[in-house]
file final-v3.pdb (PDB, C-alpha atoms and all ligand atoms)
ATOM      1  CA  MET H   1      97.314 159.808  68.303
ATOM      2  CA  ILE H   2      96.409 156.272  67.256
ATOM      3  CA  ARG H   3      94.583 155.949  63.959
ATOM      4  CA  VAL H   4      93.012 152.712  62.779
ATOM      5  CA  ASP H   5      91.786 152.909  59.210
ATOM      6  CA  ARG H   6      89.557 150.298  57.572
ATOM      7  CA  LEU H   7      91.421 147.461  59.251
ATOM      8  CA  SER H   8      90.503 143.860  58.437
ATOM      9  CA  LYS H   9      92.018 140.552  59.508
ATOM     10  CA  THR H  10      90.763 137.063  58.689
ATOM     11  CA  TYR H  11      91.848 133.798  60.317
ATOM     12  CA  GLY H  12      90.770 130.989  58.018
ATOM     13  CA  PRO H  13      86.991 131.300  57.841
ATOM     14  CA  TYR H  14      86.783 133.868  60.684
ATOM     15  CA  ARG H  15      86.796 137.561  60.038
ATOM     16  CA  ALA H  16      88.299 138.523  63.393
ATOM     17  CA  VAL H  17      88.468 142.242  62.485
ATOM     18  CA  ASP H  18      86.127 143.625  59.842
ATOM     19  CA  ASP H  19      86.676 147.101  58.367
ATOM     20  CA  VAL H  20      87.461 148.728  61.717
ATOM     21  CA  SER H  21      88.192 152.467  61.872
ATOM     22  CA  PHE H  22      88.631 154.734  64.901
ATOM     23  CA  VAL H  23      91.060 157.174  66.476
ATOM     24  CA  ALA H  24      92.375 157.475  70.024
ATOM     25  CA  GLU H  25      93.238 161.100  70.800
ATOM     26  CA  PRO H  26      96.001 162.564  72.979
ATOM     27  CA  GLY H  27      94.920 163.720  76.428
ATOM     28  CA  ARG H  28      92.067 161.221  76.472
ATOM     29  CA  VAL H  29      91.433 157.693  77.645
ATOM     30  CA  THR H  30      89.772 155.665  74.903
ATOM     31  CA  GLY H  31      88.012 152.499  76.013
ATOM     32  CA  PHE H  32      87.925 149.647  73.525
ATOM     33  CA  LEU H  33      84.956 147.603  74.628
ATOM     34  CA  GLY H  34      83.592 144.317  73.354
ATOM     35  CA  PRO H  35      82.627 140.802  74.427
ATOM     36  CA  ASN H  36      85.107 137.910  74.340
ATOM     37  CA  GLY H  37      86.303 137.116  70.851
ATOM     38  CA  ALA H  38      85.107 140.468  69.462
ATOM     39  CA  GLY H  39      88.465 141.307  67.881
ATOM     40  CA  LYS H  40      90.026 143.684  70.436
ATOM     41  CA  SER H  41      93.301 141.807  70.926
ATOM     42  CA  THR H  42      93.689 141.211  67.204
ATOM     43  CA  THR H  43      93.255 144.931  66.502
ATOM     44  CA  MET H  44      95.812 145.777  69.183
ATOM     45  CA  ARG H  45      98.258 143.176  67.909
ATOM     46  CA  VAL H  46      98.047 144.716  64.446
ATOM     47  CA  MET H  47      98.686 148.153  65.984
ATOM     48  CA  VAL H  48     101.990 147.025  67.426
ATOM     49  CA  GLY H  49     103.114 145.056  64.400
ATOM     50  CA  LEU H  50     102.641 141.560  65.867
ATOM     51  CA  THR H  51      99.925 140.546  63.404
ATOM     52  CA  PRO H  52      99.886 141.603  59.758
ATOM     53  CA  PRO H  53      96.490 142.960  58.612
ATOM     54  CA  ASP H  54      94.784 141.694  55.442
ATOM     55  CA  SER H  55      93.884 145.275  54.569
ATOM     56  CA  GLY H  56      93.727 148.710  56.143
ATOM     57  CA  SER H  57      96.260 150.252  58.496
ATOM     58  CA  ALA H  58      97.009 151.212  62.060
ATOM     59  CA  THR H  59      99.355 154.119  62.740
ATOM     60  CA  ILE H  60     100.680 155.779  65.857
ATOM     61  CA  GLY H  61     101.670 159.416  65.456
ATOM     62  CA  GLY H  62     101.342 158.880  61.691
ATOM     63  CA  LEU H  63     103.780 155.939  61.561
ATOM     64  CA  ARG H  64     103.299 152.203  61.498
ATOM     65  CA  TYR H  65     104.692 150.725  64.723
ATOM     66  CA  ALA H  66     107.428 148.899  62.787
ATOM     67  CA  ASP H  67     108.646 152.233  61.380
ATOM     68  CA  ILE H  68     108.934 153.981  64.756
ATOM     69  CA  PRO H  69     112.582 154.255  65.832
ATOM     70  CA  ASN H  70     113.108 152.983  69.407
ATOM     71  CA  PRO H  71     109.337 152.347  69.718
ATOM     72  CA  GLY H  72     109.398 151.736  73.489
ATOM     73  CA  ARG H  73     110.235 155.447  73.969
ATOM     74  CA  HIS H  74     107.013 156.393  72.169
ATOM     75  CA  VAL H  75     104.511 153.583  72.680
ATOM     76  CA  GLY H  76     103.984 151.582  75.868
ATOM     77  CA  VAL H  77     102.390 148.209  75.230
ATOM     78  CA  LEU H  78     100.751 145.683  77.547
ATOM     79  CA  LEU H  79      99.160 142.876  75.592
ATOM     80  CA  ASP H  80      99.584 139.687  77.567
ATOM     81  CA  ALA H  81     100.905 140.099  81.084
ATOM     82  CA  SER H  82     101.789 136.409  81.195
ATOM     83  CA  ALA H  83     104.033 136.639  78.131
ATOM     84  CA  GLN H  84     107.093 137.715  80.156
ATOM     85  CA  HIS H  85     109.881 135.172  80.521
ATOM     86  CA  ALA H  86     108.800 133.143  83.570
ATOM     87  CA  GLY H  87     112.393 132.388  84.597
ATOM     88  CA  ARG H  88     113.466 136.039  84.887
ATOM     89  CA  SER H  89     112.835 138.224  87.902
ATOM     90  CA  GLY H  90     110.650 141.294  87.550
ATOM     91  CA  ARG H  91     113.717 143.485  87.950
ATOM     92  CA  GLU H  92     115.559 141.585  85.211
ATOM     93  CA  VAL H  93     112.617 142.015  82.815
ATOM     94  CA  LEU H  94     112.675 145.785  83.360
ATOM     95  CA  HIS H  95     116.483 145.942  83.381
ATOM     96  CA  LEU H  96     116.728 144.259  79.936
ATOM     97  CA  ALA H  97     114.035 146.529  78.485
ATOM     98  CA  ALA H  98     115.786 149.603  79.941
ATOM     99  CA  MET H  99     119.100 148.530  78.371
ATOM    100  CA  THR H 100     117.419 148.045  74.977
ATOM    101  CA  MET H 101     115.935 151.518  75.188
ATOM    102  CA  GLY H 102     119.125 153.125  76.504
ATOM    103  CA  LEU H 103     117.606 154.047  79.873
ATOM    104  CA  PRO H 104     119.446 154.230  83.225
ATOM    105  CA  GLU H 105     118.857 151.624  85.966
ATOM    106  CA  SER H 106     117.351 154.401  88.106
ATOM    107  CA  ARG H 107     114.339 154.341  85.767
ATOM    108  CA  VAL H 108     113.797 150.670  86.685
ATOM    109  CA  ASP H 109     113.709 151.576  90.383
ATOM    110  CA  GLU H 110     111.341 154.431  89.651
ATOM    111  CA  MET H 111     108.917 152.137  87.800
ATOM    112  CA  LEU H 112     109.076 149.416  90.468
ATOM    113  CA  ARG H 113     108.152 152.053  93.050
ATOM    114  CA  LEU H 114     105.365 153.375  90.825
ATOM    115  CA  VAL H 115     103.679 149.979  90.567
ATOM    116  CA  SER H 116     104.395 149.111  94.221
ATOM    117  CA  LEU H 117     106.559 146.044  93.624
ATOM    118  CA  ASP H 118     108.989 145.991  96.551
ATOM    119  CA  GLU H 119     112.628 144.863  96.292
ATOM    120  CA  LYS H 120     111.854 141.326  97.487
ATOM    121  CA  GLU H 121     109.068 140.915  94.940
ATOM    122  CA  ALA H 122     111.173 142.447  92.173
ATOM    123  CA  LYS H 123     113.824 139.773  92.778
ATOM    124  CA  ARG H 124     111.308 136.918  92.561
ATOM    125  CA  ARG H 125     110.878 134.917  89.331
ATOM    126  CA  VAL H 126     107.972 136.182  87.224
ATOM    127  CA  GLY H 127     106.748 132.574  87.033
ATOM    128  CA  ALA H 128     105.945 132.801  90.744
ATOM    129  CA  TYR H 129     104.018 136.090  90.420
ATOM    130  CA  SER H 130     100.264 136.332  90.874
ATOM    131  CA  LEU H 131      98.329 137.615  87.856
ATOM    132  CA  GLY H 132      97.903 140.971  89.609
ATOM    133  CA  MET H 133     101.687 141.263  90.137
ATOM    134  CA  ARG H 134     102.256 140.387  86.483
ATOM    135  CA  GLN H 135      99.852 143.129  85.444
ATOM    136  CA  ARG H 136     101.723 145.620  87.651
ATOM    137  CA  LEU H 137     105.012 144.536  86.116
ATOM    138  CA  GLY H 138     103.434 144.798  82.644
ATOM    139  CA  ILE H 139     102.304 148.347  83.388
ATOM    140  CA  ALA H 140     105.788 149.220  84.683
ATOM    141  CA  HIS H 141     107.235 147.751  81.478
ATOM    142  CA  ALA H 142     104.794 149.757  79.318
ATOM    143  CA  LEU H 143     105.631 153.021  81.124
ATOM    144  CA  LEU H 144     109.390 152.446  81.326
ATOM    145  CA  GLY H 145     110.341 154.463  78.226
ATOM    146  CA  ASP H 146     108.107 157.395  79.241
ATOM    147  CA  PRO H 147     106.004 156.918  76.080
ATOM    148  CA  SER H 148     103.313 159.331  74.884
ATOM    149  CA  VAL H 149     100.955 156.516  73.849
ATOM    150  CA  LEU H 150      99.766 153.531  75.890
ATOM    151  CA  ILE H 151      98.114 150.447  74.379
ATOM    152  CA  LEU H 152      96.792 148.162  77.108
ATOM    153  CA  ASP H 153      94.844 144.957  76.528
ATOM    154  CA  GLU H 154      92.608 144.165  79.525
ATOM    155  CA  PRO H 155      94.978 145.900  81.990
ATOM    156  CA  ALA H 156      92.612 145.435  84.944
ATOM    157  CA  ASN H 157      92.633 141.641  84.588
ATOM    158  CA  GLY H 158      93.741 140.045  87.836
ATOM    159  CA  LEU H 159      93.975 143.304  89.790
ATOM    160  CA  ASP H 160      92.087 143.496  93.076
ATOM    161  CA  PRO H 161      89.709 146.449  93.694
ATOM    162  CA  ALA H 162      92.495 148.537  95.248
ATOM    163  CA  GLY H 163      94.739 147.706  92.271
ATOM    164  CA  ILE H 164      92.029 148.683  89.808
ATOM    165  CA  HIS H 165      91.495 151.969  91.666
ATOM    166  CA  TRP H 166      95.252 152.621  91.572
ATOM    167  CA  MET H 167      95.455 151.867  87.844
ATOM    168  CA  ARG H 168      92.547 154.187  87.026
ATOM    169  CA  GLY H 169      94.268 157.029  88.866
ATOM    170  CA  LEU H 170      97.515 156.330  87.063
ATOM    171  CA  LEU H 171      95.903 156.293  83.602
ATOM    172  CA  ARG H 172      93.802 159.396  84.289
ATOM    173  CA  ASP H 173      96.900 161.244  85.420
ATOM    174  CA  TYR H 174      98.807 160.036  82.358
ATOM    175  CA  ALA H 175      96.060 161.271  79.991
ATOM    176  CA  SER H 176      95.761 164.591  81.839
ATOM    177  CA  ARG H 177      99.444 165.180  81.038
ATOM    178  CA  GLY H 178      98.643 164.776  77.328
ATOM    179  CA  GLY H 179      99.180 161.037  76.895
ATOM    180  CA  THR H 180      97.056 158.884  74.596
ATOM    181  CA  VAL H 181      95.564 155.841  76.309
ATOM    182  CA  LEU H 182      93.803 152.997  74.522
ATOM    183  CA  LEU H 183      92.613 150.274  76.859
ATOM    184  CA  SER H 184      90.477 147.269  76.099
ATOM    185  CA  SER H 185      87.980 145.480  78.278
ATOM    186  CA  HIS H 186      85.052 143.113  77.954
ATOM    187  CA  LEU H 187      83.444 144.741  81.020
ATOM    188  CA  LEU H 188      81.337 147.813  80.403
ATOM    189  CA  HIS H 189      81.681 149.181  83.936
ATOM    190  CA  GLU H 190      85.464 149.024  83.805
ATOM    191  CA  VAL H 191      85.547 151.167  80.673
ATOM    192  CA  GLU H 192      82.689 153.425  81.679
ATOM    193  CA  VAL H 193      84.336 154.706  84.843
ATOM    194  CA  ILE H 194      87.609 155.671  83.230
ATOM    195  CA  ALA H 195      87.105 156.351  79.516
ATOM    196  CA  ASP H 196      86.521 159.734  77.890
ATOM    197  CA  ASP H 197      85.809 158.096  74.559
ATOM    198  CA  MET H 198      84.470 154.655  73.799
ATOM    199  CA  VAL H 199      84.751 152.344  70.827
ATOM    200  CA  VAL H 200      82.430 149.326  71.002
ATOM    201  CA  ILE H 201      83.247 146.259  68.911
ATOM    202  CA  GLY H 202      81.192 143.106  68.337
ATOM    203  CA  ARG H 203      82.200 140.185  66.109
ATOM    204  CA  GLY H 204      84.923 142.168  64.427
ATOM    205  CA  LYS H 205      82.803 145.219  63.601
ATOM    206  CA  ILE H 206      82.539 148.586  65.283
ATOM    207  CA  VAL H 207      78.990 148.842  66.583
ATOM    208  CA  ALA H 208      79.179 152.216  68.358
ATOM    209  CA  GLN H 209      81.725 154.912  69.048
ATOM    210  CA  GLY H 210      81.810 158.405  70.464
ATOM    211  CA  THR H 211      82.465 160.288  73.656
ATOM    212  CA  LYS H 212      81.146 158.631  76.779
ATOM    213  CA  ALA H 213      78.765 161.570  77.195
ATOM    214  CA  GLU H 214      77.368 161.029  73.687
ATOM    215  CA  LEU H 215      76.854 157.335  74.279
ATOM    216  CA  LEU H 216      75.183 158.054  77.618
ATOM    217  CA  ARG H 217      72.908 160.624  75.994
ATOM    218  CA  SER H 218      71.786 158.071  73.462
ATOM    219  CA  ALA H 219      70.929 155.698  76.280
ATOM    220  CA  GLY H 220      67.319 156.914  76.705
ATOM    221  CA  THR H 221      65.017 156.883  79.718
ATOM    222  CA  LEU H 222      64.750 154.389  82.546
ATOM    223  CA  VAL H 223      61.328 153.903  84.147
ATOM    224  CA  ARG H 224      60.094 151.611  86.910
ATOM    225  CA  ALA H 225      56.651 151.317  88.458
ATOM    226  CA  GLU H 226      54.930 149.756  91.435
ATOM    227  CA  ASP H 227      53.332 147.470  88.871
ATOM    228  CA  ASP H 228      55.575 146.977  85.820
ATOM    229  CA  ALA H 229      52.936 144.984  83.917
ATOM    230  CA  LEU H 230      50.521 147.933  84.159
ATOM    231  CA  LEU H 231      53.331 150.302  83.125
ATOM    232  CA  GLY H 232      54.087 148.079  80.117
ATOM    233  CA  LYS H 233      50.437 148.338  79.032
ATOM    234  CA  ALA H 234      50.395 152.117  79.542
ATOM    235  CA  LEU H 235      53.548 152.537  77.425
ATOM    236  CA  ALA H 236      52.236 150.263  74.685
ATOM    237  CA  GLY H 237      48.916 152.166  74.744
ATOM    238  CA  ALA H 238      50.819 155.423  74.182
ATOM    239  CA  ASP H 239      52.785 153.865  71.292
ATOM    240  CA  ILE H 240      56.045 154.089  73.244
ATOM    241  CA  THR H 241      58.516 151.343  72.341
ATOM    242  CA  ALA H 242      60.092 150.077  75.561
ATOM    243  CA  THR H 243      62.573 147.300  76.320
ATOM    244  CA  PRO H 244      62.148 145.455  79.648
ATOM    245  CA  ILE H 245      65.296 145.455  81.765
ATOM    246  CA  ALA H 246      66.558 142.518  83.744
ATOM    247  CA  ASP H 247      66.082 143.983  87.229
ATOM    248  CA  GLY H 248      62.627 145.465  86.563
ATOM    249  CA  GLY H 249      61.253 148.419  84.645
ATOM    250  CA  PHE H 250      61.846 149.505  81.080
ATOM    251  CA  ARG H 251      64.247 151.478  78.948
ATOM    252  CA  THR H 252      62.883 153.623  76.184
ATOM    253  CA  GLU H 253      64.232 156.148  73.694
ATOM    254  CA  VAL H 254      61.564 158.776  74.437
ATOM    255  CA  ASP H 255      61.833 161.695  76.843
ATOM    256  CA  PRO H 256      61.090 161.163  80.572
ATOM    257  CA  VAL H 257      58.237 163.673  80.422
ATOM    258  CA  VAL H 258      56.475 161.674  77.667
ATOM    259  CA  VAL H 259      56.851 158.493  79.724
ATOM    260  CA  GLY H 260      55.601 160.296  82.862
ATOM    261  CA  ARG H 261      52.494 161.539  81.054
ATOM    262  CA  ALA H 262      51.658 158.088  79.702
ATOM    263  CA  ALA H 263      51.951 156.685  83.227
ATOM    264  CA  ALA H 264      49.892 159.494  84.799
ATOM    265  CA  THR H 265      47.115 159.163  82.217
ATOM    266  CA  ASN H 266      46.785 155.489  83.106
ATOM    267  CA  GLY H 267      47.099 155.990  86.867
ATOM    268  CA  VAL H 268      50.381 154.040  87.043
ATOM    269  CA  VAL H 269      52.443 154.763  90.161
ATOM    270  CA  LEU H 270      56.078 155.296  89.153
ATOM    271  CA  THR H 271      58.893 154.439  91.535
ATOM    272  CA  GLU H 272      61.686 155.665  89.234
ATOM    273  CA  LEU H 273      61.873 157.892  86.166
ATOM    274  CA  ARG H 274      65.240 159.223  84.973
ATOM    275  CA  PRO H 275      67.745 159.415  82.105
ATOM    276  CA  ALA H 276      68.961 155.838  81.744
ATOM    277  CA  GLU H 277      72.709 156.677  81.921
ATOM    278  CA  SER H 278      74.753 153.655  82.904
ATOM    279  CA  ALA H 279      71.736 151.332  83.051
ATOM    280  CA  GLY H 280      70.964 152.429  79.528
ATOM    281  CA  LEU H 281      74.545 152.059  78.419
ATOM    282  CA  GLU H 282      74.586 148.527  79.766
ATOM    283  CA  GLN H 283      71.402 147.758  77.869
ATOM    284  CA  LEU H 284      72.884 149.426  74.808
ATOM    285  CA  PHE H 285      76.026 147.295  75.151
ATOM    286  CA  LEU H 286      73.955 144.119  75.431
ATOM    287  CA  GLU H 287      71.764 145.078  72.497
ATOM    288  CA  LEU H 288      74.684 146.176  70.365
ATOM    289  CA  THR H 289      76.633 143.039  70.986
ATOM    290  CA  SER H 290      73.924 140.387  71.448
ATOM    291  CA  ASP H 291      73.700 139.583  67.755
ATOM    292  CA  THR H 292      77.418 139.957  67.187
ATOM    293  CA  GLN H 293      78.643 137.967  70.148
ATOM    294  CA  ARG H 294      78.902 134.412  68.904
ATOM    295  CA  GLU H 295      81.805 133.366  66.759
ATOM    296  CA  GLN H 296      80.459 132.454  63.348
ATOM    297  CA  PRO H 297      82.210 131.718  60.067
ATOM    298  CA  VAL H 298      82.322 134.514  57.521
ATOM    299  CA  GLN H 299      79.372 134.201  55.137
ATOM    300  CA  GLU H 300      80.614 133.655  51.635
ATOM    301  CA  GLY H 301      78.594 134.767  48.639
ATOM    302  CA  PRO H 302      74.924 135.802  48.628
ATOM    303  CA  GLN H 303      72.805 134.732  51.564
ATOM    304  CA  ALA H 304      70.155 132.102  50.965
TER
HETATM  305  N1  LIG U   1      95.995 133.352  65.825
HETATM  306  C1  LIG U   1      94.701 133.106  65.617
HETATM  307  N2  LIG U   1      94.306 132.094  64.832
HETATM  308  C2  LIG U   1      93.001 131.840  64.609
HETATM  309  N3  LIG U   1      91.986 132.559  65.136
HETATM  310  C3  LIG U   1      92.311 133.589  65.928
HETATM  311  C4  LIG U   1      93.681 133.927  66.217
HETATM  312  N4  LIG U   1      93.685 135.012  67.049
HETATM  313  C5  LIG U   1      92.388 135.324  67.261
HETATM  314  N5  LIG U   1      91.570 134.496  66.589
HETATM  315  C6  LIG U   1      90.088 134.542  66.566
HETATM  316  O1  LIG U   1      89.728 135.846  66.203
HETATM  317  C7  LIG U   1      88.581 136.273  66.939
HETATM  318  C8  LIG U   1      88.894 137.563  67.696
HETATM  319  O2  LIG U   1      89.800 137.279  68.757
HETATM  320  P1  LIG U   1      90.437 138.392  69.687
HETATM  321  O3  LIG U   1      91.406 137.726  70.591
HETATM  322  O4  LIG U   1      90.928 139.505  68.857
HETATM  323  O5  LIG U   1      89.160 138.888  70.485
HETATM  324  P2  LIG U   1      89.080 139.753  71.819
HETATM  325  O6  LIG U   1      88.006 140.763  71.580
HETATM  326  O7  LIG U   1      90.406 140.260  72.204
HETATM  327  O8  LIG U   1      88.539 138.706  72.860
HETATM  328  P3  LIG U   1      88.914 138.485  74.435
HETATM  329  O9  LIG U   1      88.160 139.515  75.199
HETATM  330  O10 LIG U   1      88.376 137.105  74.642
HETATM  331  O11 LIG U   1      90.396 138.584  74.548
HETATM  332  C9  LIG U   1      88.177 135.100  67.802
HETATM  333  O12 LIG U   1      87.208 134.375  67.098
HETATM  334  C10 LIG U   1      89.469 134.312  67.916
HETATM  335  O13 LIG U   1      89.191 132.948  68.154
END

call {"tool": "encode", "arguments": {"input": "final-v3.pdb", "output": "structure tokens", "more": "lines below"}}
Ligand SMILES: Nc1ncnc2c1ncn2[C@@H]1O[C@H](COP(=O)(O)OP(=O)(O)OP(=O)(O)O)[C@@H](O)[C@H]1O
result
Amino acid sequence: MIRVDRLSKTYGPYRAVDDVSFVAEPGRVTGFLGPNGAGKSTTMRVMVGLTPPDSGSATIGGLRYADIPNPGRHVGVLLDASAQHAGRSGREVLHLAAMTMGLPESRVDEMLRLVSLDEKEAKRRVGAYSLGMRQRLGIAHALLGDPSVLILDEPANGLDPAGIHWMRGLLRDYASRGGTVLLSSHLLHEVEVIADDMVVIGRGKIVAQGTKAELLRSAGTLVRAEDDALLGKALAGADITATPIADGGFRTEVDPVVVGRAAATNGVVLTELRPAESAGLEQLFLELTSDTQREQPVQEGPQA
């Protein structure tokens, strides 16, 4: 289990991570979702001891990363796929890590097979790899020590659709065998399709967290009509607060049946009426992060 407890980190005037707390449980994939600059990478860097926090803590299995003996055997980490030594071959990168962890060379072959890097590719310099190949190598590196926890920062970056599909299967399988997976993304859809639990961060603060099902449930009702302007009037007339959505229609917190009645009473022809689910979650994500998206200096003292 990963536990983050009241974690804060400030860079000069920026509070990159602000009192962040959450847990990632074994047997589950936890998606760490937030727009660019929200504080995901900083949180993950603190988790693996690369960045010291100002306050709070991050522990894995009850220990700080720095206190875990032979950490690669317990925690697989992929933070920046381009951080590998560009002059080494993929095989060399894995070989050195295997030696450090006391693993046999056969494990390197196993991992290369797992991420579909063939012998020719494995012998090529990492500097000549595509971003997708680097991500595959990074995933192989993270899994090398057969860890029980995976911490992956934007692992789908640079993967093509087939690669993304492959990675989802791999992570699902890993979690179903009891592993803990924490993966970050700035794309809602990417997290939504794979995560059991979601932690949403905006400008350093947690803005929502829970199981995916809980977050979907809180996503409300989606309604569209032949004439959305008329629908808008009908909803307003029934005192139903509704938010217009980009591709037509509205999202509202009230039950579909209440929306349906308001439409029927006003003779509005509906073309769609359903629980908002992913459309609602997308709206929720935009709403939750819209006012926390821009990087702004920490406010000091009382506000004017
Ligand atoms: N070493 C650093 N020095 C100064 N500011 C930093 C440093 N690292 C991160 N920041 C700032 O902290 C904030 C959070 O950055 P972070 O990389 O954690 O966000 P992120 O959610 O991972 O974003 P992205 O999706 O773009 O990777 C940003 O404003 C960033 O500019």

call {"tool": "residues_near_ligand", "arguments": {"input": "final-v3.pdb", "ligand": "ligand LIG 1 (chain U)", "cutoff": "6 Å", "atoms": "only C-alpha atoms and all ligand atoms", "output": "PyMOL selection string"}}
result
chain H and resi 11+16+34-42+186+295

call {"tool": "atom_distance", "arguments": {"input": "final-v3.pdb", "atom1": "atom CA of H:Ser89", "atom2": "atom CA of H:Gly72"}}
result
20.1 Å

call {"tool": "atom_distance", "arguments": {"input": "final-v3.pdb", "atom1": "atom CA of H:Glu121", "atom2": "atom CA of H:His85"}}
result
15.5 Å

call {"tool": "resolve_selection", "arguments": {"input": "final-v3.pdb", "expression": "the PyMOL selection byres (((chain H and resi 184) around 7) and not hetatm)", "output": "PyMOL selection string"}}
result
chain H and resi 31-33+40+152-154+182-183+185

call {"tool": "closest_residue", "arguments": {"input": "final-v3.pdb", "among": "H:Glu105, H:Asp160, H:Asp228, H:Glu119", "to": "H:Gly145", "atoms": "all atoms listed in the file"}}
result
H:Glu105

call {"tool": "resolve_selection", "arguments": {"input": "final-v3.pdb", "expression": "the PyMOL selection byres (((chain H and resi 45-55) around 8) and not hetatm)", "output": "MDAnalysis selection string"}}
result
chainID H and resid 4 6:10 41:44 56:60 64:66 77 79

call {"tool": "closest_residue", "arguments": {"input": "final-v3.pdb", "among": "H:Val181, H:Met99, H:Leu230, H:Ala208", "to": "H:Val20", "atoms": "all atoms listed in the file"}}
result
H:Ala208
